[in-house]
Every structure is written in C-alpha cells, then in structure tokens.
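Engineer: First the structure, which I've put down as structure tokens, then a few questions once you've had a look.
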Amino acid sequence: MALPNIEPGLAASFLAAAISSVGLLSMAALGDWGKRNSPYFSAFAIGVLLVAILFHLTPEALTYSAGAINWMVAGFFAMVGIGMLLRLLTQTDRNVHGAAFGYASIVALGFHSFVDGLIYEATFHAELFTGAIATMGLLLHEFPEGVIAYFLARGAGLDRPQSVFWAFIAASATPVAGA
C-alpha cells in the first residue's frame with residue numbers, strides 16, 4: 001500500500017499541531033507547577049513575538065508598503081474592540097477582565113496559528129529549502145504557544161477539559177486549517 005502524497009507545508013503544519021498539543025497537554029497534566037510557572041512561559045512567548053514584530057516584521061512591512069502602518073494600527077484597534085466586546089459579553093460574578101482578556105487572547109492566538117499554517121504552505125511553495133528553514137524557526141515557538149493557549153483558556157475561567165479543547169483548537173487545529 002502506497003503512502004499518500006502529502007504536501008510538505010501540510011506535513012509541517014501537522015508537526016506544529018503535534019508540538020503545540022504536547023505543550024498544552026503537558027501543562028494540563030502538570031497542573032499546579034504549570035500554573036505557577038505560566039508567567040515564565042508567557043514572558044518567553046511574548047518576548048519572542050515582540051522582538052519579531054518590532055525588529056523584523058514592522059520594518060519589513062513598511063518597506064513593502066507605506067500603507068502597512070494603517071493595517072497595523074487597524075489590527076491593534078480591532079483587537080481592542082474584540083476585547084471590549086468580549087468583556088461586555090462575559091460579564092459575570094467572576095473576574096470579568098481576566099475572562100475577556102483570556103477570550104480575546106485565544107481568538108488572537110487562533111488567528112496567529114492560522115497564519116502560521118499559511119506560512120508553512122507558502123514557504124514550501126516558494127522553495128523547499130525556504131520552507132524547511134521557515135518551518136524550523138516556526139516550530140521553536142509551537143510548544144510555548146500550546147502552553148500559553150492552555151493558560152489563556154484557564155485564565156478565561158474555563159475548566160481543565162474545556163481549556164484543553166479550546167487551546168487545541170486555537171494552537172493546534174488552526175495551523176492545519178491555514179495550510
């Protein structure tokens with residue numbers, strides 16, 4: 001029986017999904033230790049993202065298009081708007097601000113992971129070597145991404161099984177959907 005011919009970008013997105021799933025499941029299994037150390041995982045992931053955005057993506061985007069700043073500002077305000085909307089929709093007796101932030105962050109992380117899937121596929125279509133290099137770089141952030149997704153869901157007030165489910169959707173299923 002012959003193995004199916006799978007696109008390299010799709011294979012890379014499945015690998016990314018597996019790595020982020022290991023991250024979120026390890027935090028679900030470690031419980032208190034994971035919760036106590038979640039700020040370190042968050043700081044690592046946020047630091048990597050901020051450095052990439054501020055020192056690489058923003059200048060690169062501005063060299064391609066003078067209108068790129070408009071899209072960046074629009075994206076920022078769209079996320080603020082989503083956060084405010086979620087805050088209105090999740091008003092309960094529990095920590096409203098934490099829940100709204102958690103839900104908005106899960107939505108943003110899901111979009112980010114979807115774009116990761118697009119990147120896997122696009123870079124392999126450009127060139128096999130470029131796809132391999134991009135995949136190696138992107139895979140480094142998949143484990144912390146799964147960890148962060150899990151703790152964002154927990155921070156939104158979801159119980160452990162719901163957190164695992166929504167973190168899986170946001171961090172593991174979306175790269176495959178993007179590819």
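Naming works like this for the structure tokens: A, B, ... for the chains as they're shown, residue 1 at the start of each chain, ligands 1 onward in shown order.
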For Pro8 of chain A, please output as a list of chain:residue names all residues within 10 Å (counting only C-alpha atoms; exclusion window: fewer than 4 positions along the same chain).
Structural biologist: A:Ala12, A:Ser13, A:Phe14, A:Tyr120, A:Glu121, A:Thr123, A:Phe124, A:His125, A:Leu128, A:Gly131, A:Ala132, A:Thr135, A:Ala179
Engineer: Give me, please, the distance in Å between atom CA of Gly155 of chain A and atom CA of Ala167 of chain A, quoted to one decimal.
Structural biologist: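 For atom CA of Gly155 of chain A relative to atom CA of Ala167 of chain A, the distance reads 11.6 Å.
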Engineer: Just checking: using only C-alpha atoms, which residue out of A:Leu88, A:Leu140, A:Val115, A:Leu158 ends up closest to Thr174 of chain A?
Structural biologist: A:Val115
Engineer: Quick one: residues within 12 Å of Gln162 of chain A, only C-alpha atoms counted, chain neighbours fewer than 6 positions away excluded, as a list in words?
Structural biologist: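 What passes the distance filter is Ala28, Ala149, Tyr150, Phe151, Leu152, Ala153, Arg154, Gly155, Ala156, Phe168 and Ile169 of chain A.
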Engineer: Go ahead and compute the interatomic distance for atom CA of Leu10 of chain A and atom CA of Gly178 of chain A, in Å to one decimal.
Structural biologist: 8.9 Å
Engineer: Which neighbours of segment 78-80 of chain A fall inside 10 Å, counting only C-alpha atoms, when residues of the same chain fewer than 4 positions from it are skipped, and could you give them as a list in words?
Structural biologist: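 So, after excluding close chain neighbours, the residues are Met72, Val73, Ala74, Met84, Leu85, Leu86, Phe101, Ala104, Ser105, Val107 and Ala108 of chain A.
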